[in-house]
$ cat start-v7.cif   # mmCIF, C-alpha atoms
data_coords
#
loop_
_atom_site.label_atom_id
_atom_site.label_comp_id
_atom_site.auth_asym_id
_atom_site.auth_seq_id
_atom_site.Cartn_x
_atom_site.Cartn_y
_atom_site.Cartn_z
CA MET A 186 14.06 17.68 27.01
CA THR A 187 10.95 19.69 27.91
CA PRO A 188 7.78 17.79 27.00
CA LEU A 189 5.78 19.15 24.08
CA PHE A 190 2.53 17.55 25.26
CA ARG A 191 1.17 16.30 28.56
CA GLN A 192 -0.65 13.34 27.05
CA LEU A 193 -0.54 11.74 23.63
CA THR A 194 -3.56 9.59 22.91
CA LEU A 195 -2.67 7.27 20.08
CA CYS A 196 -5.67 5.95 18.18
CA GLY A 197 -4.31 2.79 16.57
CA VAL A 198 -1.14 1.38 18.09
CA GLY A 199 0.39 -0.11 14.96
CA LEU A 200 3.58 0.28 12.96
CA ILE A 201 3.39 4.04 12.36
CA GLY A 202 1.68 5.17 15.56
CA GLY A 203 3.62 2.78 17.74
CA SER A 204 6.92 3.90 16.22
CA ILE A 205 6.35 7.62 16.84
CA ALA A 206 5.18 6.80 20.38
CA LEU A 207 8.48 5.00 21.05
CA ILE A 208 10.35 8.04 19.74
CA ALA A 209 8.31 10.50 21.79
CA ARG A 210 8.93 8.47 24.92
CA ARG A 211 12.66 8.12 24.26
CA ALA A 212 13.04 11.86 23.67
CA GLY A 213 10.86 12.85 26.64
CA LEU A 214 8.48 14.80 24.39
CA VAL A 215 5.28 13.56 26.04
CA GLU A 216 4.59 12.89 29.70
CA ARG A 217 2.04 10.12 29.18
CA ILE A 218 0.91 7.93 26.28
CA VAL A 219 -2.53 6.33 26.07
CA GLY A 220 -3.34 3.78 23.41
CA LEU A 221 -6.84 3.39 21.97
CA GLY A 222 -7.37 0.21 19.97
CA ARG A 223 -9.86 -2.30 18.66
CA THR A 224 -8.18 -5.54 19.74
CA GLN A 225 -7.06 -6.27 23.28
CA SER A 226 -4.27 -8.58 22.12
CA ASN A 227 -2.54 -5.77 20.21
CA LEU A 228 -3.00 -3.37 23.12
CA ASP A 229 -1.43 -5.96 25.41
CA VAL A 230 1.63 -6.07 23.14
CA ALA A 231 1.82 -2.26 23.25
CA LEU A 232 1.77 -2.34 27.04
CA GLU A 233 4.37 -5.11 27.22
CA ARG A 234 6.73 -3.21 24.92
CA GLY A 235 6.30 0.03 26.86
CA ILE A 236 4.82 1.84 23.86
CA VAL A 237 1.89 3.09 25.95
CA ASP A 238 1.34 3.73 29.65
CA HIS A 239 -2.34 2.89 29.51
CA ALA A 240 -4.47 1.03 26.97
CA THR A 241 -8.21 1.14 26.43
CA ARG A 242 -10.88 0.32 23.87
CA ASP A 243 -13.13 3.16 25.11
CA PRO A 244 -12.84 6.49 23.18
CA GLN A 245 -14.19 8.50 26.12
CA GLU A 246 -11.56 7.09 28.46
CA ALA A 247 -8.83 7.63 25.88
CA ALA A 248 -9.84 11.26 25.33
CA ALA A 249 -9.63 12.34 28.96
CA GLY A 250 -6.62 14.65 29.43
CA ALA A 251 -5.27 14.26 25.88
CA ASP A 252 -3.76 17.50 24.59
CA LEU A 253 -2.55 15.61 21.50
CA VAL A 254 -4.67 13.05 19.65
CA MET A 255 -2.98 11.10 16.85
CA LEU A 256 -5.24 9.22 14.47
CA ALA A 257 -3.36 6.18 13.16
CA THR A 258 -6.22 3.87 12.20
CA PRO A 259 -7.59 3.22 8.68
CA ILE A 260 -8.60 6.59 7.23
CA LEU A 261 -12.35 5.95 6.93
CA THR A 262 -12.53 5.41 10.70
CA PHE A 263 -11.12 8.89 11.49
CA PRO A 264 -14.42 10.84 11.60
CA GLN A 265 -16.20 8.36 13.85
CA THR A 266 -13.21 7.99 16.16
CA LEU A 267 -12.68 11.73 16.51
CA GLY A 268 -16.39 12.41 16.86
CA ALA A 269 -16.59 10.00 19.80
CA MET A 270 -13.66 11.74 21.51
CA VAL A 271 -14.25 15.47 20.95
CA PRO A 272 -16.79 15.99 23.79
CA TYR A 273 -14.27 14.61 26.30
CA LEU A 274 -11.07 16.26 25.03
CA PRO A 275 -9.48 19.38 26.54
CA GLU A 276 -10.77 22.52 24.81
CA ASP A 277 -7.37 23.32 23.30
CA ALA A 278 -6.43 19.80 22.19
CA VAL A 279 -4.37 19.32 19.03
CA VAL A 280 -5.53 16.64 16.58
CA THR A 281 -3.12 15.11 14.11
CA ASP A 282 -3.05 12.03 11.91
CA VAL A 283 -0.64 9.84 9.94
CA GLY A 284 -2.87 9.05 6.97
CA SER A 285 -1.71 8.79 3.35
CA VAL A 286 -4.52 11.08 2.13
CA LYS A 287 -4.82 14.65 3.35
CA GLY A 288 -7.55 16.59 1.49
CA TRP A 289 -10.32 14.22 2.56
CA VAL A 290 -9.02 14.20 6.13
CA VAL A 291 -9.10 18.00 6.35
CA ARG A 292 -12.62 18.20 4.88
CA GLU A 293 -13.99 15.52 7.21
CA LEU A 294 -12.23 16.39 10.46
CA GLU A 295 -12.15 20.18 10.65
CA PRO A 296 -15.96 20.53 11.08
CA ARG A 297 -15.83 18.06 13.97
CA LEU A 298 -13.29 20.04 16.02
CA GLY A 299 -14.17 22.13 19.03
CA PRO A 300 -13.77 25.93 18.57
CA ARG A 301 -10.29 26.08 20.13
CA MET A 302 -8.93 22.80 18.79
CA ALA A 303 -6.29 22.62 16.07
CA LEU A 304 -5.71 20.12 13.27
CA VAL A 305 -2.26 19.32 11.85
CA GLY A 306 -2.21 16.78 9.04
CA VAL A 307 0.92 14.63 8.76
CA HIS A 308 2.03 11.89 6.40
CA PRO A 309 5.22 10.01 7.29
CA VAL A 310 6.32 8.53 3.97
CA ALA A 311 7.71 5.38 5.54
CA GLY A 312 6.42 1.98 6.38
CA LYS A 313 6.61 -1.74 5.98
CA GLU A 314 4.17 -4.39 4.90
CA ILE A 315 3.90 -5.60 8.51
CA THR A 316 1.45 -4.19 11.03
CA GLY A 317 0.64 -4.06 14.73
CA ALA A 318 2.37 -2.94 17.90
CA ALA A 319 4.94 -5.71 17.56
CA ALA A 320 6.23 -4.02 14.37
CA ALA A 321 6.86 -0.58 15.96
CA ASP A 322 10.41 0.64 15.39
CA ALA A 323 11.99 3.80 16.83
CA GLU A 324 14.28 4.07 13.78
CA LEU A 325 11.51 3.73 11.19
CA PHE A 326 11.45 7.38 10.12
CA ARG A 327 15.15 8.23 10.18
CA ASP A 328 16.15 10.01 6.96
CA ARG A 329 12.66 9.48 5.55
CA ARG A 330 10.31 12.21 4.34
CA VAL A 331 7.53 13.42 6.65
CA ILE A 332 5.03 15.78 5.01
CA ILE A 333 3.11 18.31 7.11
CA THR A 334 -0.05 19.65 5.46
CA PRO A 335 -1.26 22.84 7.17
CA SER A 336 -4.90 23.80 6.77
CA ALA A 337 -7.32 26.43 8.06
CA ARG A 338 -7.36 24.91 11.56
CA SER A 339 -3.58 24.56 11.92
CA THR A 340 -2.40 27.14 14.43
CA THR A 341 1.21 28.30 14.50
CA ASP A 342 1.75 26.80 17.95
CA ALA A 343 0.25 23.44 17.00
CA LEU A 344 2.32 23.28 13.80
CA GLN A 345 5.54 24.03 15.64
CA ARG A 346 4.94 21.44 18.34
CA VAL A 347 3.86 18.67 15.95
CA GLU A 348 6.83 19.37 13.69
CA ALA A 349 9.17 19.25 16.71
CA LEU A 350 7.74 15.84 17.62
CA TRP A 351 8.47 14.48 14.16
CA ARG A 352 11.86 16.17 13.94
CA ALA A 353 12.92 14.02 16.90
CA SER A 354 12.42 10.95 14.70
CA GLY A 355 15.33 11.96 12.44
CA ALA A 356 12.97 12.49 9.51
CA ARG A 357 13.20 15.15 6.80
CA ILE A 358 10.29 17.53 7.38
CA GLU A 359 8.54 19.52 4.67
CA ARG A 360 5.27 21.42 4.40
CA MET A 361 2.84 21.04 1.53
CA ALA A 362 -0.77 21.90 0.67
CA PRO A 363 -3.12 18.94 1.19
CA GLU A 364 -4.19 18.92 -2.47
CA THR A 365 -0.59 18.91 -3.71
CA HIS A 366 0.23 16.08 -1.34
CA ASP A 367 -2.66 13.97 -2.62
CA ALA A 368 -1.72 14.43 -6.28
CA LEU A 369 1.95 13.59 -5.68
CA LEU A 370 1.32 10.59 -3.45
CA ALA A 371 -1.33 9.17 -5.78
CA HIS A 372 1.44 8.75 -8.36
CA ALA A 373 4.41 7.99 -6.12
CA SER A 374 2.79 5.76 -3.47
CA HIS A 375 -0.80 4.81 -4.20
CA LEU A 376 -0.21 3.79 -7.82
CA PRO A 377 2.74 1.49 -6.95
CA GLN A 378 0.60 -0.23 -4.31
CA ILE A 379 -2.25 -0.84 -6.74
CA THR A 380 0.22 -2.02 -9.38
CA ALA A 381 1.81 -4.52 -6.97
CA SER A 382 -1.56 -5.73 -5.72
CA ALA A 383 -2.96 -6.03 -9.24
CA LEU A 384 0.00 -8.12 -10.36
CA ALA A 385 -0.29 -10.36 -7.30
CA ALA A 386 -4.04 -10.73 -7.82
CA ALA A 387 -3.52 -11.62 -11.49
CA LEU A 388 -1.12 -14.40 -10.53
CA ALA A 389 -3.00 -15.54 -7.43
CA GLU A 390 -4.66 -18.53 -9.12
CA THR A 391 -2.82 -18.66 -12.44
CA THR A 392 -1.73 -22.20 -13.32
CA ILE A 393 -0.05 -23.46 -16.50
CA ALA A 394 0.05 -27.19 -17.21
CA GLY A 395 -0.79 -27.84 -13.58
CA HIS A 396 1.94 -25.58 -12.21
CA TRP A 397 1.25 -22.47 -10.10
CA ALA A 398 2.97 -19.81 -12.22
CA ALA A 399 3.97 -17.56 -9.31
CA ALA A 400 6.07 -20.34 -7.77
CA TYR A 401 8.50 -19.98 -10.66
CA GLY A 402 9.16 -16.30 -10.02
CA ALA A 403 12.56 -15.28 -8.73
CA GLY A 404 13.64 -12.10 -6.93
CA GLY A 405 11.94 -9.85 -9.45
CA LEU A 406 8.47 -11.17 -8.68
CA ARG A 407 9.08 -11.04 -4.95
CA ASP A 408 10.43 -7.48 -5.10
CA THR A 409 7.64 -6.27 -7.36
CA THR A 410 4.84 -7.73 -5.22
CA ARG A 411 6.37 -7.15 -1.77
CA ILE A 412 3.98 -4.36 -0.80
CA ALA A 413 0.98 -6.44 -1.89
CA ALA A 414 1.28 -7.95 1.61
CA SER A 415 0.24 -4.59 3.14
CA SER A 416 -3.04 -4.03 4.99
CA ALA A 417 -5.97 -4.44 2.61
CA GLU A 418 -8.20 -2.33 4.87
CA MET A 419 -5.77 0.57 4.87
CA TRP A 420 -5.40 0.59 1.09
CA ARG A 421 -9.13 0.22 0.51
CA ASP A 422 -9.63 3.44 2.47
CA ILE A 423 -6.87 5.26 0.57
CA CYS A 424 -8.45 4.36 -2.77
CA LEU A 425 -11.89 5.54 -1.62
CA THR A 426 -10.62 8.86 -0.20
CA ASN A 427 -8.18 9.86 -2.96
CA ARG A 428 -10.20 8.52 -5.87
CA ASP A 429 -9.76 11.26 -8.49
CA GLN A 430 -6.00 11.53 -8.09
CA ILE A 431 -5.55 7.76 -8.10
CA LEU A 432 -7.62 7.48 -11.27
CA ALA A 433 -5.31 10.01 -12.90
CA GLY A 434 -2.34 7.87 -11.94
CA LEU A 435 -4.03 4.72 -13.23
CA ARG A 436 -4.72 6.38 -16.57
CA LEU A 437 -1.04 7.31 -16.84
CA TYR A 438 0.00 3.75 -16.03
CA GLY A 439 -2.60 2.33 -18.36
CA GLU A 440 -1.15 4.34 -21.23
CA SER A 441 2.30 2.96 -20.45
CA LEU A 442 0.95 -0.62 -20.46
CA ARG A 443 -0.86 0.10 -23.73
CA ARG A 444 2.41 1.22 -25.33
CA PHE A 445 4.13 -1.96 -24.13
CA ALA A 446 1.28 -4.13 -25.43
CA ALA A 447 1.34 -2.39 -28.81
CA ALA A 448 5.10 -2.83 -29.13
CA VAL A 449 4.93 -6.53 -28.21
CA ASP A 450 2.01 -7.13 -30.56
CA ALA A 451 3.82 -5.42 -33.45
CA GLY A 452 7.16 -7.05 -32.71
CA ASP A 453 8.59 -3.51 -32.60
CA ALA A 454 12.11 -3.97 -31.22
CA ALA A 455 12.94 -0.26 -31.32
CA ALA A 456 9.80 0.71 -29.37
CA LEU A 457 10.45 -1.98 -26.78
CA LEU A 458 14.03 -0.86 -26.32
CA GLU A 459 12.88 2.74 -25.90
CA LEU A 460 10.32 1.80 -23.24
CA PHE A 461 12.71 -0.40 -21.28
CA GLU A 462 15.39 2.31 -21.43
CA LEU A 463 12.91 4.93 -20.20
CA GLY A 464 12.07 2.73 -17.22
CA ARG A 465 15.72 2.00 -16.52
CA ARG A 466 16.64 5.70 -16.51
CA MET A 467 13.82 6.52 -14.10
CA ARG A 468 14.97 3.77 -11.72
CA GLU A 469 18.58 4.98 -11.86
CA ARG A 470 17.47 8.53 -11.13
CA LEU A 471 15.45 7.33 -8.15
CA GLY A 472 18.60 5.76 -6.67
#
$ encode --input "start-v7.cif" --output "structure tokens"
Amino acid sequence: MTPLFRQLTLCGVGLIGGSIALIARRAGLVERIVGLGRTQSNLDVALERGIVDHATRDPQEAAAGADLVMLATPILTFPQTLGAMVPYLPEDAVVTDVGSVKGWVVRELEPRLGPRMALVGVHPVAGKEITGAAAADAELFRDRRVIITPSARSTTDALQRVEALWRASGARIERMAPETHDALLAHASHLPQITASALAAALAETTIAGHWAAAYGAGGLRDTTRIAASSAEMWRDICLTNRDQILAGLRLYGESLRRFAAAVDAGDAAALLELFELGRRMRERLG
């Protein structure tokens, strides 16, 4: 297959970035992959696994020759990382990202681009609670949703090439406005993470008669708190960059908890049955 890009510079060689790099290499869509990272040990794993051809901790070195830059680090690091690279990038470089928030990314990154550079926001709605180059998986995105969020600096050529890169992963591609993305994902992704983490935090030190309560949980507790094992740094940044939409989701969830609390307090069997049935129907619809 004809390469889409000469050089992909991957900023953050973790689960998401490392996985798309493996796919790009397998499909012959990039000629060279450079990994920019913070820890040498993770970069060494990326080199050993063949995820990258070259690894560095120097943004200037990573920028040289990169016609595609993919930001796959915690979101709040994007502006500083890109700012350090822009003076050394080719004039027509394409910048993309894999962050879970898009409006903030567009507002922060577009002013930092060179005049001929393009920005294509991407959110692969896939992942695991494990991180690092060792977790990269070329099948991670198959049959999963990948959302492309065009903005004022997304050229037609850049959009087509970035979409082609992700199409090679076997994902289902769709386009969406950044603001729509952030509202939807605040409810469908960010709220579940906060809910799982809040439950885990509530039970972290809870003891009853000398017994750690969480130890008595079965599959339900493990399933419900599974994603609480995700990167705290990543989720901190998501909460800070999608604050208004996440607060809207938390208010919605808070109202649901209030209704449960009121029904339990009143011993209202009919209200409890209605709430549990509503939840059950949603879960069945989700599949």
$ resolve_selection --input "start-v7.cif" --expression "the PyMOL selection byres ((chain A and resi 321-337) around 7)" --output "PyMOL selection string"
chain A and resi 199-201+203-205+207-208+305-311+318-320+338-339+354-363
$ residues_around --input "start-v7.cif" --residues "A:Ala417" --least-positions-apart "6" --cutoff "10 Å" --atoms "all atoms listed in the file" --output "list of chain:residue names"
A:Pro259, A:Ser382, A:Ile423
$ resolve_selection --input "start-v7.cif" --expression "the PyMOL selection byres ((chain A and resi 258) around 10)" --output "NGL selection string"
:A and (195-199 or 201-202 or 221-223 or 255-257 or 259-263 or 266 or 282-284 or 418-419)
$ closest_residue --input "start-v7.cif" --among "A:Ala206, A:Ile315, A:Ala456, A:Ala278" --to "A:Ser416" --atoms "only C-alpha atoms"
A:Ile315
$ atom_distance --input "start-v7.cif" --atom1 "atom CA of A:Gln345" --atom2 "atom CA of A:Leu369"
24.0 Å
$ resolve_selection --input "start-v7.cif" --expression "the PyMOL selection byres ((chain A and resi 415) around 12)" --output "ChimeraX atom specification"
/A:200,312-317,375,378-379,381-382,385,410-414,416-421
$ residues_around --input "start-v7.cif" --residues "A:Met186" --least-positions-apart "6" --cutoff "12 Å" --atoms "all atoms listed in the file" --output "number ranges by chain"
A: 209-216, 349-350, 353
$ residues_near_point --input "start-v7.cif" --point "(-5.3, 21.6, 15.6)" --cutoff "9 Å" --atoms "all atoms listed in the file" --output "PDB file with C-alpha atoms, in the coordinates of the input"
ATOM      1  CA  LEU A 253      -2.550  15.610  21.500  1.00  0.00           C
ATOM      2  CA  ASP A 277      -7.370  23.320  23.300  1.00  0.00           C
ATOM      3  CA  ALA A 278      -6.430  19.800  22.190  1.00  0.00           C
ATOM      4  CA  VAL A 279      -4.370  19.320  19.030  1.00  0.00           C
ATOM      5  CA  VAL A 280      -5.530  16.640  16.580  1.00  0.00           C
ATOM      6  CA  THR A 281      -3.120  15.110  14.110  1.00  0.00           C
ATOM      7  CA  GLU A 295     -12.150  20.180  10.650  1.00  0.00           C
ATOM      8  CA  LEU A 298     -13.290  20.040  16.020  1.00  0.00           C
ATOM      9  CA  ARG A 301     -10.290  26.080  20.130  1.00  0.00           C
ATOM     10  CA  MET A 302      -8.930  22.800  18.790  1.00  0.00           C
ATOM     11  CA  ALA A 303      -6.290  22.620  16.070  1.00  0.00           C
ATOM     12  CA  LEU A 304      -5.710  20.120  13.270  1.00  0.00           C
ATOM     13  CA  VAL A 305      -2.260  19.320  11.850  1.00  0.00           C
ATOM     14  CA  GLY A 306      -2.210  16.780   9.040  1.00  0.00           C
ATOM     15  CA  ARG A 338      -7.360  24.910  11.560  1.00  0.00           C
ATOM     16  CA  SER A 339      -3.580  24.560  11.920  1.00  0.00           C
ATOM     17  CA  THR A 340      -2.400  27.140  14.430  1.00  0.00           C
ATOM     18  CA  ALA A 343       0.250  23.440  17.000  1.00  0.00           C
ATOM     19  CA  LEU A 344       2.320  23.280  13.800  1.00  0.00           C
TER      20      LEU A 344
END
$ closest_residue --input "start-v7.cif" --among "A:Arg428, A:Lys287, A:Arg217, A:Arg346" --to "A:Leu189" --atoms "only C-alpha atoms"
A:Arg346
$ build_atoms --input "start-v7.cif" --residues "stretch 427-463 of chain A" --atoms "N, CA and C atoms" --output "PDB file, in the frame of the given file"
ATOM      1  N   ASN A 427      -9.012   9.094  -2.018  1.00  0.00           N
ATOM      2  CA  ASN A 427      -8.180   9.860  -2.960  1.00  0.00           C
ATOM      3  C   ASN A 427      -8.490   9.404  -4.389  1.00  0.00           C
ATOM      4  N   ARG A 428      -9.758   9.176  -4.643  1.00  0.00           N
ATOM      5  CA  ARG A 428     -10.200   8.520  -5.870  1.00  0.00           C
ATOM      6  C   ARG A 428      -9.767   9.243  -7.141  1.00  0.00           C
ATOM      7  N   ASP A 429     -10.031  10.542  -7.245  1.00  0.00           N
ATOM      8  CA  ASP A 429      -9.760  11.260  -8.490  1.00  0.00           C
ATOM      9  C   ASP A 429      -8.274  11.260  -8.834  1.00  0.00           C
ATOM     10  N   GLN A 430      -7.437  11.489  -7.837  1.00  0.00           N
ATOM     11  CA  GLN A 430      -6.000  11.530  -8.090  1.00  0.00           C
ATOM     12  C   GLN A 430      -5.455  10.143  -8.433  1.00  0.00           C
ATOM     13  N   ILE A 431      -5.975   9.124  -7.793  1.00  0.00           N
ATOM     14  CA  ILE A 431      -5.550   7.760  -8.100  1.00  0.00           C
ATOM     15  C   ILE A 431      -5.978   7.365  -9.509  1.00  0.00           C
ATOM     16  N   LEU A 432      -7.175   7.767  -9.909  1.00  0.00           N
ATOM     17  CA  LEU A 432      -7.620   7.480 -11.270  1.00  0.00           C
ATOM     18  C   LEU A 432      -6.718   8.140 -12.303  1.00  0.00           C
ATOM     19  N   ALA A 433      -6.242   9.345 -11.997  1.00  0.00           N
ATOM     20  CA  ALA A 433      -5.310  10.010 -12.900  1.00  0.00           C
ATOM     21  C   ALA A 433      -4.017   9.207 -13.024  1.00  0.00           C
ATOM     22  N   GLY A 434      -3.532   8.702 -11.908  1.00  0.00           N
ATOM     23  CA  GLY A 434      -2.340   7.870 -11.940  1.00  0.00           C
ATOM     24  C   GLY A 434      -2.560   6.568 -12.700  1.00  0.00           C
ATOM     25  N   LEU A 435      -3.724   5.966 -12.528  1.00  0.00           N
ATOM     26  CA  LEU A 435      -4.030   4.720 -13.230  1.00  0.00           C
ATOM     27  C   LEU A 435      -4.134   4.933 -14.741  1.00  0.00           C
ATOM     28  N   ARG A 436      -4.667   6.083 -15.136  1.00  0.00           N
ATOM     29  CA  ARG A 436      -4.720   6.380 -16.570  1.00  0.00           C
ATOM     30  C   ARG A 436      -3.315   6.516 -17.149  1.00  0.00           C
ATOM     31  N   LEU A 437      -2.429   7.162 -16.398  1.00  0.00           N
ATOM     32  CA  LEU A 437      -1.040   7.310 -16.840  1.00  0.00           C
ATOM     33  C   LEU A 437      -0.377   5.943 -16.973  1.00  0.00           C
ATOM     34  N   TYR A 438      -0.581   5.084 -15.994  1.00  0.00           N
ATOM     35  CA  TYR A 438       0.000   3.750 -16.030  1.00  0.00           C
ATOM     36  C   TYR A 438      -0.625   2.900 -17.131  1.00  0.00           C
ATOM     37  N   GLY A 439      -1.924   3.064 -17.309  1.00  0.00           N
ATOM     38  CA  GLY A 439      -2.600   2.330 -18.360  1.00  0.00           C
ATOM     39  C   GLY A 439      -2.052   2.666 -19.736  1.00  0.00           C
ATOM     40  N   GLU A 440      -1.732   3.934 -19.955  1.00  0.00           N
ATOM     41  CA  GLU A 440      -1.150   4.340 -21.230  1.00  0.00           C
ATOM     42  C   GLU A 440       0.219   3.700 -21.430  1.00  0.00           C
ATOM     43  N   SER A 441       0.999   3.603 -20.354  1.00  0.00           N
ATOM     44  CA  SER A 441       2.300   2.960 -20.450  1.00  0.00           C
ATOM     45  C   SER A 441       2.146   1.472 -20.792  1.00  0.00           C
ATOM     46  N   LEU A 442       1.214   0.791 -20.145  1.00  0.00           N
ATOM     47  CA  LEU A 442       0.950  -0.620 -20.460  1.00  0.00           C
ATOM     48  C   LEU A 442       0.465  -0.774 -21.905  1.00  0.00           C
ATOM     49  N   ARG A 443      -0.375   0.176 -22.349  1.00  0.00           N
ATOM     50  CA  ARG A 443      -0.860   0.100 -23.730  1.00  0.00           C
ATOM     51  C   ARG A 443       0.296   0.200 -24.724  1.00  0.00           C
ATOM     52  N   ARG A 444       1.257   1.074 -24.434  1.00  0.00           N
ATOM     53  CA  ARG A 444       2.410   1.220 -25.330  1.00  0.00           C
ATOM     54  C   ARG A 444       3.244  -0.067 -25.338  1.00  0.00           C
ATOM     55  N   PHE A 445       3.407  -0.686 -24.180  1.00  0.00           N
ATOM     56  CA  PHE A 445       4.130  -1.960 -24.130  1.00  0.00           C
ATOM     57  C   PHE A 445       3.386  -3.031 -24.942  1.00  0.00           C
ATOM     58  N   ALA A 446       2.074  -3.111 -24.738  1.00  0.00           N
ATOM     59  CA  ALA A 446       1.280  -4.130 -25.430  1.00  0.00           C
ATOM     60  C   ALA A 446       1.356  -3.932 -26.943  1.00  0.00           C
ATOM     61  N   ALA A 447       1.285  -2.672 -27.378  1.00  0.00           N
ATOM     62  CA  ALA A 447       1.340  -2.390 -28.810  1.00  0.00           C
ATOM     63  C   ALA A 447       2.690  -2.780 -29.394  1.00  0.00           C
ATOM     64  N   ALA A 448       3.760  -2.503 -28.639  1.00  0.00           N
ATOM     65  CA  ALA A 448       5.100  -2.830 -29.130  1.00  0.00           C
ATOM     66  C   ALA A 448       5.309  -4.342 -29.206  1.00  0.00           C
ATOM     67  N   VAL A 449       4.808  -5.074 -28.193  1.00  0.00           N
ATOM     68  CA  VAL A 449       4.930  -6.530 -28.210  1.00  0.00           C
ATOM     69  C   VAL A 449       4.113  -7.115 -29.358  1.00  0.00           C
ATOM     70  N   ASP A 450       2.892  -6.617 -29.504  1.00  0.00           N
ATOM     71  CA  ASP A 450       2.010  -7.130 -30.560  1.00  0.00           C
ATOM     72  C   ASP A 450       2.606  -6.895 -31.946  1.00  0.00           C
ATOM     73  N   ALA A 451       3.259  -5.756 -32.137  1.00  0.00           N
ATOM     74  CA  ALA A 451       3.820  -5.420 -33.450  1.00  0.00           C
ATOM     75  C   ALA A 451       5.217  -5.995 -33.650  1.00  0.00           C
ATOM     76  N   GLY A 452       5.790  -6.574 -32.598  1.00  0.00           N
ATOM     77  CA  GLY A 452       7.160  -7.050 -32.710  1.00  0.00           C
ATOM     78  C   GLY A 452       8.122  -5.903 -32.967  1.00  0.00           C
ATOM     79  N   ASP A 453       7.821  -4.734 -32.357  1.00  0.00           N
ATOM     80  CA  ASP A 453       8.590  -3.510 -32.600  1.00  0.00           C
ATOM     81  C   ASP A 453       9.771  -3.446 -31.639  1.00  0.00           C
ATOM     82  N   ALA A 454      10.931  -3.915 -32.082  1.00  0.00           N
ATOM     83  CA  ALA A 454      12.110  -3.970 -31.220  1.00  0.00           C
ATOM     84  C   ALA A 454      12.560  -2.591 -30.766  1.00  0.00           C
ATOM     85  N   ALA A 455      12.490  -1.610 -31.671  1.00  0.00           N
ATOM     86  CA  ALA A 455      12.940  -0.260 -31.320  1.00  0.00           C
ATOM     87  C   ALA A 455      12.050   0.349 -30.238  1.00  0.00           C
ATOM     88  N   ALA A 456      10.730   0.160 -30.367  1.00  0.00           N
ATOM     89  CA  ALA A 456       9.800   0.710 -29.370  1.00  0.00           C
ATOM     90  C   ALA A 456       9.999   0.036 -28.020  1.00  0.00           C
ATOM     91  N   LEU A 457      10.213  -1.274 -28.035  1.00  0.00           N
ATOM     92  CA  LEU A 457      10.450  -1.980 -26.780  1.00  0.00           C
ATOM     93  C   LEU A 457      11.728  -1.490 -26.110  1.00  0.00           C
ATOM     94  N   LEU A 458      12.774  -1.338 -26.882  1.00  0.00           N
ATOM     95  CA  LEU A 458      14.030  -0.860 -26.320  1.00  0.00           C
ATOM     96  C   LEU A 458      13.856   0.526 -25.715  1.00  0.00           C
ATOM     97  N   GLU A 459      13.115   1.390 -26.404  1.00  0.00           N
ATOM     98  CA  GLU A 459      12.880   2.740 -25.900  1.00  0.00           C
ATOM     99  C   GLU A 459      12.132   2.718 -24.570  1.00  0.00           C
ATOM    100  N   LEU A 460      11.110   1.877 -24.466  1.00  0.00           N
ATOM    101  CA  LEU A 460      10.320   1.800 -23.240  1.00  0.00           C
ATOM    102  C   LEU A 460      11.127   1.233 -22.075  1.00  0.00           C
ATOM    103  N   PHE A 461      11.882   0.168 -22.340  1.00  0.00           N
ATOM    104  CA  PHE A 461      12.710  -0.400 -21.280  1.00  0.00           C
ATOM    105  C   PHE A 461      13.795   0.584 -20.835  1.00  0.00           C
ATOM    106  N   GLU A 462      14.360   1.321 -21.774  1.00  0.00           N
ATOM    107  CA  GLU A 462      15.390   2.310 -21.430  1.00  0.00           C
ATOM    108  C   GLU A 462      14.794   3.455 -20.618  1.00  0.00           C
ATOM    109  N   LEU A 463      13.576   3.880 -20.966  1.00  0.00           N
ATOM    110  CA  LEU A 463      12.910   4.930 -20.200  1.00  0.00           C
ATOM    111  C   LEU A 463      12.703   4.492 -18.753  1.00  0.00           C
TER     112      LEU A 463
END
